[in-house]
$ cat final-v8.csv   # CSV, C-alpha atoms
chain,number,residue,atom,x,y,z
A,168,MET,CA,24.8,-77.3,-39.1
A,169,GLU,CA,23.8,-74.6,-36.6
A,170,LYS,CA,23.3,-71.2,-38.1
A,171,GLN,CA,25.7,-68.6,-36.7
A,172,THR,CA,24.2,-65.6,-35.0
A,173,ILE,CA,25.2,-62.4,-36.6
A,174,THR,CA,26.1,-59.7,-34.1
A,175,ILE,CA,26.4,-55.9,-34.2
A,176,TYR,CA,30.2,-56.5,-34.0
A,177,ASP,CA,30.1,-58.5,-37.3
A,178,VAL,CA,28.2,-55.7,-39.1
A,179,ALA,CA,30.6,-53.0,-37.8
A,180,ARG,CA,33.6,-55.1,-38.9
A,181,GLU,CA,32.2,-55.7,-42.4
A,182,ALA,CA,31.1,-52.0,-42.8
A,183,LYS,CA,34.4,-50.8,-41.3
A,184,VAL,CA,32.6,-48.5,-38.9
A,185,SER,CA,32.2,-48.4,-35.1
A,186,MET,CA,29.5,-50.4,-33.3
A,187,ALA,CA,28.1,-47.0,-32.1
A,188,THR,CA,27.6,-46.0,-35.8
A,189,VAL,CA,25.8,-49.3,-36.5
A,190,SER,CA,23.6,-48.7,-33.4
A,191,ARG,CA,22.7,-45.2,-34.6
A,192,VAL,CA,21.7,-46.5,-38.0
A,193,VAL,CA,19.6,-49.3,-36.5
A,194,ASN,CA,17.9,-46.9,-34.1
A,195,GLY,CA,17.1,-44.3,-36.8
A,196,ASN,CA,19.4,-41.7,-35.4
A,197,SER,CA,19.8,-38.9,-38.0
A,198,ASN,CA,23.3,-38.1,-36.9
A,199,VAL,CA,24.9,-40.4,-39.5
A,200,LYS,CA,26.1,-39.4,-43.0
A,201,GLN,CA,23.8,-40.7,-45.7
A,202,GLU,CA,26.7,-42.5,-47.5
A,203,THR,CA,27.7,-44.3,-44.2
A,204,LYS,CA,24.0,-45.1,-43.5
A,205,GLU,CA,23.6,-46.7,-46.9
A,206,LYS,CA,26.8,-48.7,-46.5
A,207,VAL,CA,25.8,-50.0,-43.0
A,208,GLU,CA,22.2,-50.9,-44.3
A,209,ALA,CA,23.7,-52.8,-47.2
A,210,VAL,CA,25.9,-54.9,-44.8
A,211,ILE,CA,22.9,-55.5,-42.5
A,212,ASN,CA,21.0,-56.7,-45.5
A,213,ASP,CA,23.8,-58.9,-46.8
A,214,LEU,CA,24.5,-60.5,-43.4
A,215,GLY,CA,20.8,-60.9,-42.4
A,216,TYR,CA,21.5,-59.1,-39.1
A,217,ARG,CA,18.5,-58.7,-36.8
A,218,PRO,CA,18.9,-56.4,-33.8
A,219,ASN,CA,18.4,-58.2,-30.5
A,220,ALA,CA,15.3,-56.5,-29.0
A,221,VAL,CA,15.9,-58.0,-25.6
A,222,ALA,CA,19.4,-56.8,-25.4
A,223,ARG,CA,18.4,-53.4,-26.7
A,224,GLY,CA,15.7,-53.3,-24.0
A,225,LEU,CA,18.2,-54.1,-21.3
A,226,ALA,CA,20.5,-51.3,-22.5
A,227,SER,CA,17.8,-48.7,-22.9
A,228,ARG,CA,15.4,-50.0,-20.2
A,229,LYS,CA,12.8,-50.1,-22.9
A,230,THR,CA,11.6,-53.1,-24.8
A,231,THR,CA,9.2,-51.3,-27.2
A,232,THR,CA,6.6,-54.0,-26.3
A,233,ILE,CA,3.1,-53.6,-24.9
A,234,GLY,CA,1.2,-56.2,-23.0
A,235,VAL,CA,-2.5,-56.5,-23.9
A,236,ILE,CA,-4.7,-58.5,-21.6
A,237,LEU,CA,-8.2,-59.5,-22.9
A,238,PRO,CA,-10.8,-61.9,-21.5
A,239,ASP,CA,-11.5,-63.8,-24.7
A,240,VAL,CA,-9.5,-63.5,-27.9
A,241,THR,CA,-12.3,-65.1,-29.9
A,242,ASP,CA,-15.0,-62.5,-28.8
A,243,HIS,CA,-15.8,-60.2,-31.7
A,244,TYR,CA,-15.8,-57.1,-29.4
A,245,PHE,CA,-12.3,-57.7,-27.9
A,246,ALA,CA,-10.9,-58.8,-31.3
A,247,GLU,CA,-11.9,-55.5,-32.8
A,248,LEU,CA,-10.6,-53.6,-29.8
A,249,ALA,CA,-7.2,-55.3,-30.1
A,250,ARG,CA,-7.0,-54.4,-33.8
A,251,GLY,CA,-7.3,-50.7,-32.9
A,252,ILE,CA,-4.6,-51.1,-30.3
A,253,ASP,CA,-2.3,-52.9,-32.7
A,254,ASP,CA,-2.7,-50.4,-35.5
A,255,VAL,CA,-1.7,-47.4,-33.3
A,256,ALA,CA,1.1,-49.5,-31.6
A,257,GLN,CA,2.6,-50.0,-35.0
A,258,MET,CA,2.4,-46.3,-35.8
A,259,TYR,CA,4.5,-45.6,-32.7
A,260,HIS,CA,6.9,-48.6,-33.4
A,261,TYR,CA,5.6,-50.8,-30.5
A,262,GLN,CA,4.9,-54.5,-30.7
A,263,ILE,CA,2.1,-56.0,-28.7
A,264,ILE,CA,2.0,-59.2,-26.7
A,265,LEU,CA,-1.5,-60.5,-26.6
A,266,ALA,CA,-2.5,-62.4,-23.4
A,267,ASN,CA,-5.8,-64.2,-23.0
A,268,SER,CA,-7.2,-64.3,-19.4
A,269,ASP,CA,-10.1,-66.7,-20.2
A,270,GLU,CA,-12.5,-64.7,-17.9
A,271,SER,CA,-10.5,-66.1,-15.0
A,272,LYS,CA,-9.5,-63.9,-12.0
A,273,ASP,CA,-6.6,-66.2,-11.2
A,274,LYS,CA,-5.4,-66.2,-14.8
A,275,GLU,CA,-5.7,-62.4,-15.0
A,276,LEU,CA,-3.2,-62.1,-12.2
A,277,GLN,CA,-1.0,-64.8,-13.8
A,278,VAL,CA,-0.8,-63.1,-17.2
A,279,LEU,CA,-0.4,-59.7,-15.6
A,280,ASP,CA,2.6,-61.0,-13.7
A,281,ASN,CA,4.0,-62.8,-16.8
A,282,LEU,CA,3.8,-59.6,-18.9
A,283,LEU,CA,5.5,-57.5,-16.2
A,284,GLY,CA,8.2,-60.2,-16.0
A,285,LYS,CA,8.8,-59.7,-19.7
A,286,GLN,CA,9.7,-56.1,-19.0
A,287,VAL,CA,6.9,-54.6,-21.2
A,288,ASP,CA,6.8,-50.8,-21.4
A,289,GLY,CA,3.1,-50.6,-20.7
A,290,ILE,CA,-0.1,-52.6,-20.4
A,291,ILE,CA,-3.6,-52.3,-21.8
A,292,PHE,CA,-6.1,-54.2,-19.7
A,293,MET,CA,-9.4,-55.4,-21.1
A,294,GLY,CA,-10.5,-57.6,-18.3
A,295,ASN,CA,-14.2,-57.5,-17.3
A,296,MET,CA,-13.4,-57.3,-13.6
A,297,ILE,CA,-10.9,-55.5,-11.5
A,298,ASN,CA,-10.8,-57.1,-8.1
A,299,GLU,CA,-8.6,-56.1,-5.1
A,300,LYS,CA,-5.8,-58.5,-6.1
A,301,VAL,CA,-5.7,-57.1,-9.6
A,302,ARG,CA,-5.8,-53.5,-8.2
A,303,THR,CA,-2.9,-54.3,-5.9
A,304,GLU,CA,-0.9,-55.6,-8.9
A,305,PHE,CA,-1.7,-52.4,-10.8
A,306,ASP,CA,-0.5,-50.3,-7.9
A,307,ARG,CA,2.8,-52.3,-7.7
A,308,ALA,CA,3.5,-52.2,-11.4
A,309,ASP,CA,6.3,-49.8,-12.5
A,310,VAL,CA,4.8,-49.3,-15.9
A,311,PRO,CA,1.7,-47.3,-17.0
A,312,ILE,CA,-1.6,-49.2,-17.3
A,313,VAL,CA,-4.7,-48.2,-19.3
A,314,LEU,CA,-8.1,-49.8,-19.2
A,315,ALA,CA,-9.9,-50.2,-22.6
A,316,GLY,CA,-13.6,-51.1,-22.6
A,317,SER,CA,-13.1,-51.9,-18.8
A,318,VAL,CA,-14.3,-49.8,-15.9
A,319,ASP,CA,-12.7,-48.9,-12.6
A,320,PRO,CA,-15.5,-47.5,-10.4
A,321,THR,CA,-12.8,-45.7,-8.3
A,322,GLU,CA,-11.5,-44.0,-11.5
A,323,LYS,CA,-7.9,-44.4,-10.2
A,324,GLN,CA,-6.8,-46.1,-13.4
A,325,TYR,CA,-6.5,-44.3,-16.8
A,326,SER,CA,-9.3,-45.6,-19.0
A,327,VAL,CA,-11.2,-45.3,-22.3
A,328,ASN,CA,-14.9,-46.3,-22.4
A,329,ILE,CA,-18.4,-45.2,-23.5
A,330,ASP,CA,-21.1,-44.2,-21.0
A,331,TYR,CA,-22.4,-47.7,-20.4
A,332,ARG,CA,-25.1,-46.5,-17.9
A,333,LYS,CA,-26.6,-44.0,-20.3
A,334,ALA,CA,-26.4,-46.4,-23.3
A,335,THR,CA,-28.3,-49.1,-21.4
A,336,ALA,CA,-30.8,-46.6,-20.2
A,337,GLU,CA,-31.5,-45.4,-23.7
A,338,ALA,CA,-31.9,-48.9,-25.1
A,339,THR,CA,-34.2,-49.9,-22.3
A,340,ALA,CA,-36.3,-46.7,-22.7
A,341,GLN,CA,-36.7,-47.4,-26.4
A,342,LEU,CA,-38.1,-50.9,-25.7
A,343,LEU,CA,-40.5,-49.5,-23.1
A,344,GLU,CA,-41.7,-46.8,-25.4
A,345,ASN,CA,-42.3,-49.5,-28.1
A,346,GLY,CA,-45.0,-50.7,-25.8
A,347,ASN,CA,-43.2,-53.5,-24.0
A,348,GLU,CA,-44.3,-53.7,-20.3
A,349,ARG,CA,-41.7,-56.3,-19.4
A,350,VAL,CA,-38.2,-55.7,-20.7
A,351,ALA,CA,-35.5,-58.1,-19.6
A,352,LEU,CA,-31.9,-57.2,-19.0
A,353,ILE,CA,-29.5,-60.0,-19.9
A,354,MET,CA,-26.1,-59.0,-18.5
A,355,GLY,CA,-22.8,-60.6,-17.6
A,356,PRO,CA,-21.9,-61.8,-14.1
A,357,ALA,CA,-23.3,-59.5,-11.4
A,358,GLU,CA,-20.0,-59.3,-9.5
A,359,GLN,CA,-18.5,-57.4,-12.4
A,360,ALA,CA,-18.8,-53.6,-11.9
A,361,ILE,CA,-19.5,-52.9,-15.5
A,362,ASN,CA,-22.7,-54.9,-15.0
A,363,SER,CA,-23.8,-54.0,-11.5
A,364,GLU,CA,-22.6,-50.4,-11.3
A,365,TYR,CA,-23.3,-49.3,-14.8
A,366,LYS,CA,-25.5,-51.4,-17.1
A,367,LEU,CA,-27.9,-52.5,-14.3
A,368,LYS,CA,-28.2,-48.9,-13.0
A,369,GLY,CA,-28.9,-47.7,-16.6
A,370,TYR,CA,-31.7,-50.3,-16.9
A,371,GLN,CA,-33.2,-49.1,-13.6
A,372,ASP,CA,-32.9,-45.5,-14.6
A,373,ALA,CA,-35.1,-46.1,-17.7
A,374,TYR,CA,-37.8,-47.9,-15.6
A,375,ASN,CA,-37.7,-45.1,-13.0
A,376,ALA,CA,-38.0,-42.4,-15.8
A,377,HIS,CA,-41.1,-44.2,-17.0
A,378,SER,CA,-42.5,-44.5,-13.5
A,379,LYS,CA,-42.5,-48.3,-13.7
A,380,PRO,CA,-41.3,-50.6,-10.9
A,381,VAL,CA,-38.3,-52.8,-11.7
A,382,ASP,CA,-39.2,-56.6,-11.5
A,383,GLU,CA,-36.1,-58.5,-10.3
A,384,ALA,CA,-37.4,-61.5,-12.2
A,385,LEU,CA,-36.5,-59.7,-15.4
A,386,ILE,CA,-32.8,-59.3,-14.6
A,387,PHE,CA,-30.6,-62.2,-15.7
A,388,SER,CA,-26.8,-62.8,-15.3
A,389,THR,CA,-25.0,-65.1,-17.7
A,390,ASP,CA,-21.6,-65.9,-19.2
A,391,TYR,CA,-20.5,-64.0,-22.4
A,392,ASP,CA,-21.1,-66.8,-25.0
A,393,TYR,CA,-23.6,-67.9,-27.6
A,394,GLN,CA,-24.6,-71.1,-25.7
A,395,SER,CA,-25.4,-69.1,-22.6
A,396,GLY,CA,-27.7,-66.9,-24.6
A,397,TYR,CA,-29.4,-69.9,-26.2
A,398,GLN,CA,-30.0,-71.6,-22.9
A,399,ILE,CA,-31.4,-68.5,-21.1
A,400,ALA,CA,-34.2,-68.1,-23.6
A,401,ASP,CA,-36.6,-70.4,-21.8
A,402,LEU,CA,-36.1,-68.5,-18.5
A,403,VAL,CA,-36.7,-65.1,-20.3
A,404,LEU,CA,-39.9,-66.4,-21.8
A,405,ALA,CA,-41.0,-67.9,-18.5
A,406,ALA,CA,-40.6,-64.4,-16.9
A,407,LYS,CA,-43.1,-63.2,-19.5
A,408,ALA,CA,-40.6,-60.7,-21.0
A,409,THR,CA,-41.5,-59.4,-24.5
A,410,ALA,CA,-38.2,-57.7,-25.1
A,411,ALA,CA,-34.6,-57.7,-23.9
A,412,VAL,CA,-31.5,-55.5,-23.7
A,413,VAL,CA,-28.5,-57.9,-24.0
A,414,VAL,CA,-25.0,-56.8,-23.1
A,415,ASP,CA,-23.1,-59.1,-25.4
A,416,ASP,CA,-23.6,-59.8,-29.1
A,417,ASP,CA,-22.7,-63.5,-28.9
A,418,VAL,CA,-25.3,-63.9,-26.1
A,419,ALA,CA,-27.9,-61.9,-28.1
A,420,ALA,CA,-27.3,-64.2,-31.2
A,421,GLY,CA,-27.9,-67.3,-28.9
A,422,LEU,CA,-31.1,-65.8,-27.5
A,423,LEU,CA,-32.3,-64.8,-31.0
A,424,ASN,CA,-31.8,-68.3,-32.4
A,425,ALA,CA,-33.4,-70.0,-29.4
A,426,LEU,CA,-36.5,-67.8,-29.7
A,427,VAL,CA,-36.8,-68.4,-33.4
A,428,ASP,CA,-36.3,-72.2,-32.8
A,429,SER,CA,-39.2,-72.0,-30.3
A,430,GLY,CA,-41.5,-70.4,-32.8
A,431,VAL,CA,-41.3,-66.9,-31.4
A,432,LYS,CA,-41.6,-64.2,-34.0
A,433,VAL,CA,-38.9,-61.5,-33.7
A,434,PRO,CA,-39.6,-58.6,-33.6
A,435,THR,CA,-43.4,-59.0,-33.7
A,436,ASP,CA,-43.6,-61.1,-30.5
A,437,PHE,CA,-40.2,-60.2,-29.0
A,438,GLU,CA,-37.7,-57.4,-29.5
A,439,ILE,CA,-33.9,-57.4,-28.9
A,440,ILE,CA,-31.3,-54.7,-28.6
A,441,THR,CA,-27.8,-55.9,-28.2
A,442,ASN,CA,-24.8,-53.9,-27.0
A,443,ASN,CA,-21.6,-54.0,-29.1
A,444,ASN,CA,-22.6,-53.7,-32.7
A,445,SER,CA,-19.8,-56.1,-33.7
A,446,ARG,CA,-19.8,-57.7,-37.1
A,447,LEU,CA,-21.9,-60.5,-35.7
A,448,THR,CA,-25.0,-58.2,-35.6
A,449,VAL,CA,-25.3,-58.2,-39.4
A,450,MET,CA,-24.6,-62.0,-39.7
A,451,THR,CA,-27.8,-63.0,-37.8
A,452,ARG,CA,-31.2,-63.3,-39.4
A,453,PRO,CA,-33.0,-61.1,-38.5
A,454,GLN,CA,-30.1,-58.7,-38.1
A,455,LEU,CA,-29.7,-57.4,-34.5
A,456,SER,CA,-30.5,-53.8,-33.5
A,457,SER,CA,-27.7,-52.5,-31.4
A,458,ILE,CA,-26.2,-49.8,-29.2
A,459,THR,CA,-23.2,-48.7,-31.3
A,460,GLN,CA,-19.7,-48.3,-29.8
A,461,PRO,CA,-16.6,-47.0,-31.6
A,462,ILE,CA,-14.9,-50.4,-30.7
A,463,TYR,CA,-11.9,-49.9,-32.9
A,464,ASP,CA,-11.4,-46.3,-31.5
A,465,LEU,CA,-11.7,-47.5,-27.9
A,466,GLY,CA,-8.6,-49.6,-28.7
A,467,ALA,CA,-6.8,-46.9,-30.7
A,468,VAL,CA,-7.4,-44.1,-28.2
A,469,SER,CA,-6.3,-46.3,-25.3
A,470,MET,CA,-3.0,-47.1,-27.1
A,471,ARG,CA,-2.4,-43.4,-27.9
A,472,MET,CA,-3.0,-42.6,-24.2
A,473,LEU,CA,-0.5,-45.3,-23.2
A,474,THR,CA,2.1,-43.9,-25.6
A,475,LYS,CA,1.8,-40.5,-23.8
A,476,LEU,CA,2.1,-42.1,-20.4
A,477,MET,CA,5.2,-44.1,-21.5
A,478,ASN,CA,6.7,-40.8,-22.6
A,479,LEU,CA,6.0,-39.3,-19.2
A,480,GLU,CA,3.3,-37.0,-20.6
A,481,GLU,CA,0.2,-36.4,-18.6
A,482,PRO,CA,-3.0,-37.0,-20.8
A,483,ASP,CA,-5.5,-34.1,-20.9
A,484,VAL,CA,-8.2,-36.5,-19.5
A,485,SER,CA,-7.6,-39.6,-17.4
A,486,ASN,CA,-11.0,-41.2,-18.0
A,487,ILE,CA,-12.0,-40.7,-21.6
A,488,ILE,CA,-15.6,-41.3,-22.6
A,489,LEU,CA,-16.2,-41.8,-26.3
A,490,PRO,CA,-19.6,-41.2,-27.9
A,491,HIS,CA,-22.1,-44.1,-28.4
A,492,GLY,CA,-25.1,-44.4,-30.6
A,493,TYR,CA,-27.8,-46.8,-31.8
A,494,VAL,CA,-28.5,-48.6,-35.1
A,495,ASP,CA,-32.0,-49.8,-35.8
A,496,ARG,CA,-32.1,-53.2,-37.6
A,497,ASP,CA,-34.6,-56.0,-37.7
A,498,THR,CA,-35.0,-57.2,-34.1
A,499,THR,CA,-36.9,-54.1,-33.1
A,500,GLN,CA,-40.3,-52.7,-34.2
A,501,HIS,CA,-39.9,-49.7,-36.6
$ encode --input "final-v8.csv" --output "structure tokens"
Amino acid sequence: MEKQTITIYDVAREAKVSMATVSRVVNGNSNVKQETKEKVEAVINDLGYRPNAVARGLASRKTTTIGVILPDVTDHYFAELARGIDDVAQMYHYQIILANSDESKDKELQVLDNLLGKQVDGIIFMGNMINEKVRTEFDRADVPIVLAGSVDPTEKQYSVNIDYRKATAEATAQLLENGNERVALIMGPAEQAINSEYKLKGYQDAYNAHSKPVDEALIFSTDYDYQSGYQIADLVLAAKATAAVVVDDDVAAGLLNALVDSGVKVPTDFEIITNNNSRLTVMTRPQLSSITQPIYDLGAVSMRMLTKLMNLEEPDVSNIILPHGYVDRDTTQH
């Protein structure tokens, strides 16, 4: 037997109040007598009434849902970011819809379109690349969009990041100062601005500051996964690198294991600094030295910024830069 849907009308009839009063109770409106509020809540509980979020959204033009687009839901970095977003979203009574773009430009457009079609009130975008098609969709969207851990070189979009250029420069400088003449940079795809416009430039800054020429043979682009890191180890060794700055923890773990499997002693023969300081960095042996990012805070602050935009408040800063640091573990010389 099909279960009958309980409506706001049923609650009003049982509680002997108007539907407007039920609506006020459901929406937390204080303009209801305590006695009436308790009576309506008791009926809601008895009948098992659940307000229809879609219908409420149509009436108020708000759905209290947020779309969150991330490249890889299994990546430790983005998973931690999403947790920060979700915690703040719950504080402000928003639900999130998580959409995985699989590092695909076409799928990014598809999930963006799908979320806008679901009438979300705002979007947090964590894609690694903002191409012209995505930018056009951002401009056409009638809801606010905030980038979290993603860069827009034009700085037209609201965003929350760290100073990726400076962080990469500092990590590279440390490895050079440890006596490494040939430090590799293992970054993601070069067409992504976060790599070519920020991290690569930071790497070059460190070499320039140490009056050393940059050898293009030491710059590698790879996908953001463990297997890619493992497979690139032979090329890194062939380039006679004795250290590497790696922009992704999964890639760094793959590189580390491949080096150890090849008989390379880390950090005696080869030093590694990774980028995200996710939980993965303390799971490897040896543990990975890393740039530190407030990953959870990147998510939390981006969600707080989005709540302001959704309330038509202008944030104090449109491009927030959070502080980064460094943690020395066992893949660097002490």
$ residues_near_point --input "final-v8.csv" --point "(-23.9, -47.8, -32.4)" --cutoff "8 Å" --atoms "all atoms listed in the file" --output "number ranges by chain"
A: 443-444, 457-461, 491-494
$ closest_residue --input "final-v8.csv" --among "A:Asn194, A:Ser469, A:Gln286, A:Asn281" --to "A:Thr230" --atoms "only C-alpha atoms"
A:Gln286
$ residues_near_point --input "final-v8.csv" --point "(26.5, -55.5, -40.3)" --cutoff "9 Å" --atoms "all atoms listed in the file" --output "PyMOL selection string"
chain A and resi 173-182+189+207-216
$ write_last_selection --input "final-v8.csv" --atoms "C-alpha atoms" --output "PDB file, in the frame of the given file"
ATOM      1  CA  ILE A 173      25.200 -62.400 -36.600  1.00  0.00           C
ATOM      2  CA  THR A 174      26.100 -59.700 -34.100  1.00  0.00           C
ATOM      3  CA  ILE A 175      26.400 -55.900 -34.200  1.00  0.00           C
ATOM      4  CA  TYR A 176      30.200 -56.500 -34.000  1.00  0.00           C
ATOM      5  CA  ASP A 177      30.100 -58.500 -37.300  1.00  0.00           C
ATOM      6  CA  VAL A 178      28.200 -55.700 -39.100  1.00  0.00           C
ATOM      7  CA  ALA A 179      30.600 -53.000 -37.800  1.00  0.00           C
ATOM      8  CA  ARG A 180      33.600 -55.100 -38.900  1.00  0.00           C
ATOM      9  CA  GLU A 181      32.200 -55.700 -42.400  1.00  0.00           C
ATOM     10  CA  ALA A 182      31.100 -52.000 -42.800  1.00  0.00           C
ATOM     11  CA  VAL A 189      25.800 -49.300 -36.500  1.00  0.00           C
ATOM     12  CA  VAL A 207      25.800 -50.000 -43.000  1.00  0.00           C
ATOM     13  CA  GLU A 208      22.200 -50.900 -44.300  1.00  0.00           C
ATOM     14  CA  ALA A 209      23.700 -52.800 -47.200  1.00  0.00           C
ATOM     15  CA  VAL A 210      25.900 -54.900 -44.800  1.00  0.00           C
ATOM     16  CA  ILE A 211      22.900 -55.500 -42.500  1.00  0.00           C
ATOM     17  CA  ASN A 212      21.000 -56.700 -45.500  1.00  0.00           C
ATOM     18  CA  ASP A 213      23.800 -58.900 -46.800  1.00  0.00           C
ATOM     19  CA  LEU A 214      24.500 -60.500 -43.400  1.00  0.00           C
ATOM     20  CA  GLY A 215      20.800 -60.900 -42.400  1.00  0.00           C
ATOM     21  CA  TYR A 216      21.500 -59.100 -39.100  1.00  0.00           C
TER      22      TYR A 216
END
$ closest_residue --input "final-v8.csv" --among "A:Ile487, A:Val418, A:Leu402, A:Leu276" --to "A:Lys300" --atoms "only C-alpha atoms"
A:Leu276
$ residues_around --input "final-v8.csv" --residues "A:His501" --least-positions-apart "6" --cutoff "10 Å" --atoms "all atoms listed in the file" --output "PDB file with C-alpha atoms, keeping the file's coordinate frame"
ATOM      1  CA  ASN A 345     -42.300 -49.500 -28.100  1.00  0.00           C
ATOM      2  CA  PRO A 434     -39.600 -58.600 -33.600  1.00  0.00           C
ATOM      3  CA  ASP A 495     -32.000 -49.800 -35.800  1.00  0.00           C
TER       4      ASP A 495
END
$ atom_distance --input "final-v8.csv" --atom1 "atom CA of A:Leu342" --atom2 "atom CA of A:Val403"
15.3 Å
$ atom_distance --input "final-v8.csv" --atom1 "atom CA of A:Val240" --atom2 "atom CA of A:Asn267"
6.2 Å
$ closest_residue --input "final-v8.csv" --among "A:Gln371, A:Thr451, A:Ser185, A:Asn478" --to "A:Asn424" --atoms "all atoms listed in the file"
A:Thr451
$ closest_atom_pairs --input "final-v8.csv" --of "stretch 420-482 of chain A" --to "stretch 312-325 of chain A" --cutoff "10 Å" --atoms "all atoms listed in the file" --output "Markdown table"
| residue | atom | partner | partner_atom | distance |
| --- | --- | --- | --- | --- |
| A:Gln460 | CA | A:Gly316 | CA | 9.8 |
| A:Ile462 | CA | A:Gly316 | CA | 8.2 |
| A:Asp464 | CA | A:Ala315 | CA | 9.8 |
| A:Leu465 | CA | A:Ala315 | CA | 6.2 |
| A:Gly466 | CA | A:Ala315 | CA | 6.3 |
| A:Ala467 | CA | A:Ala315 | CA | 9.3 |
| A:Val468 | CA | A:Ala315 | CA | 8.6 |
| A:Ser469 | CA | A:Ala315 | CA | 6.0 |
| A:Met470 | CA | A:Val313 | CA | 8.1 |
| A:Met472 | CA | A:Val313 | CA | 7.6 |
| A:Leu473 | CA | A:Val313 | CA | 6.4 |
| A:Leu476 | CA | A:Ile312 | CA | 8.6 |
| A:Met477 | CA | A:Ile312 | CA | 9.5 |
| A:Pro482 | CA | A:Tyr325 | CA | 9.0 |
$ residues_around --input "final-v8.csv" --residues "A:Ala410" --least-positions-apart "4" --cutoff "7 Å" --atoms "all atoms listed in the file" --output "count of residues only"
8
$ atom_distance --input "final-v8.csv" --atom1 "atom CA of A:Arg332" --atom2 "atom CA of A:Val427"
29.3 Å
$ residues_around --input "final-v8.csv" --residues "A:Ser445" --least-positions-apart "2" --cutoff "7 Å" --atoms "only C-alpha atoms" --output "ChimeraX atom specification"
/A:243-244,443,447-448
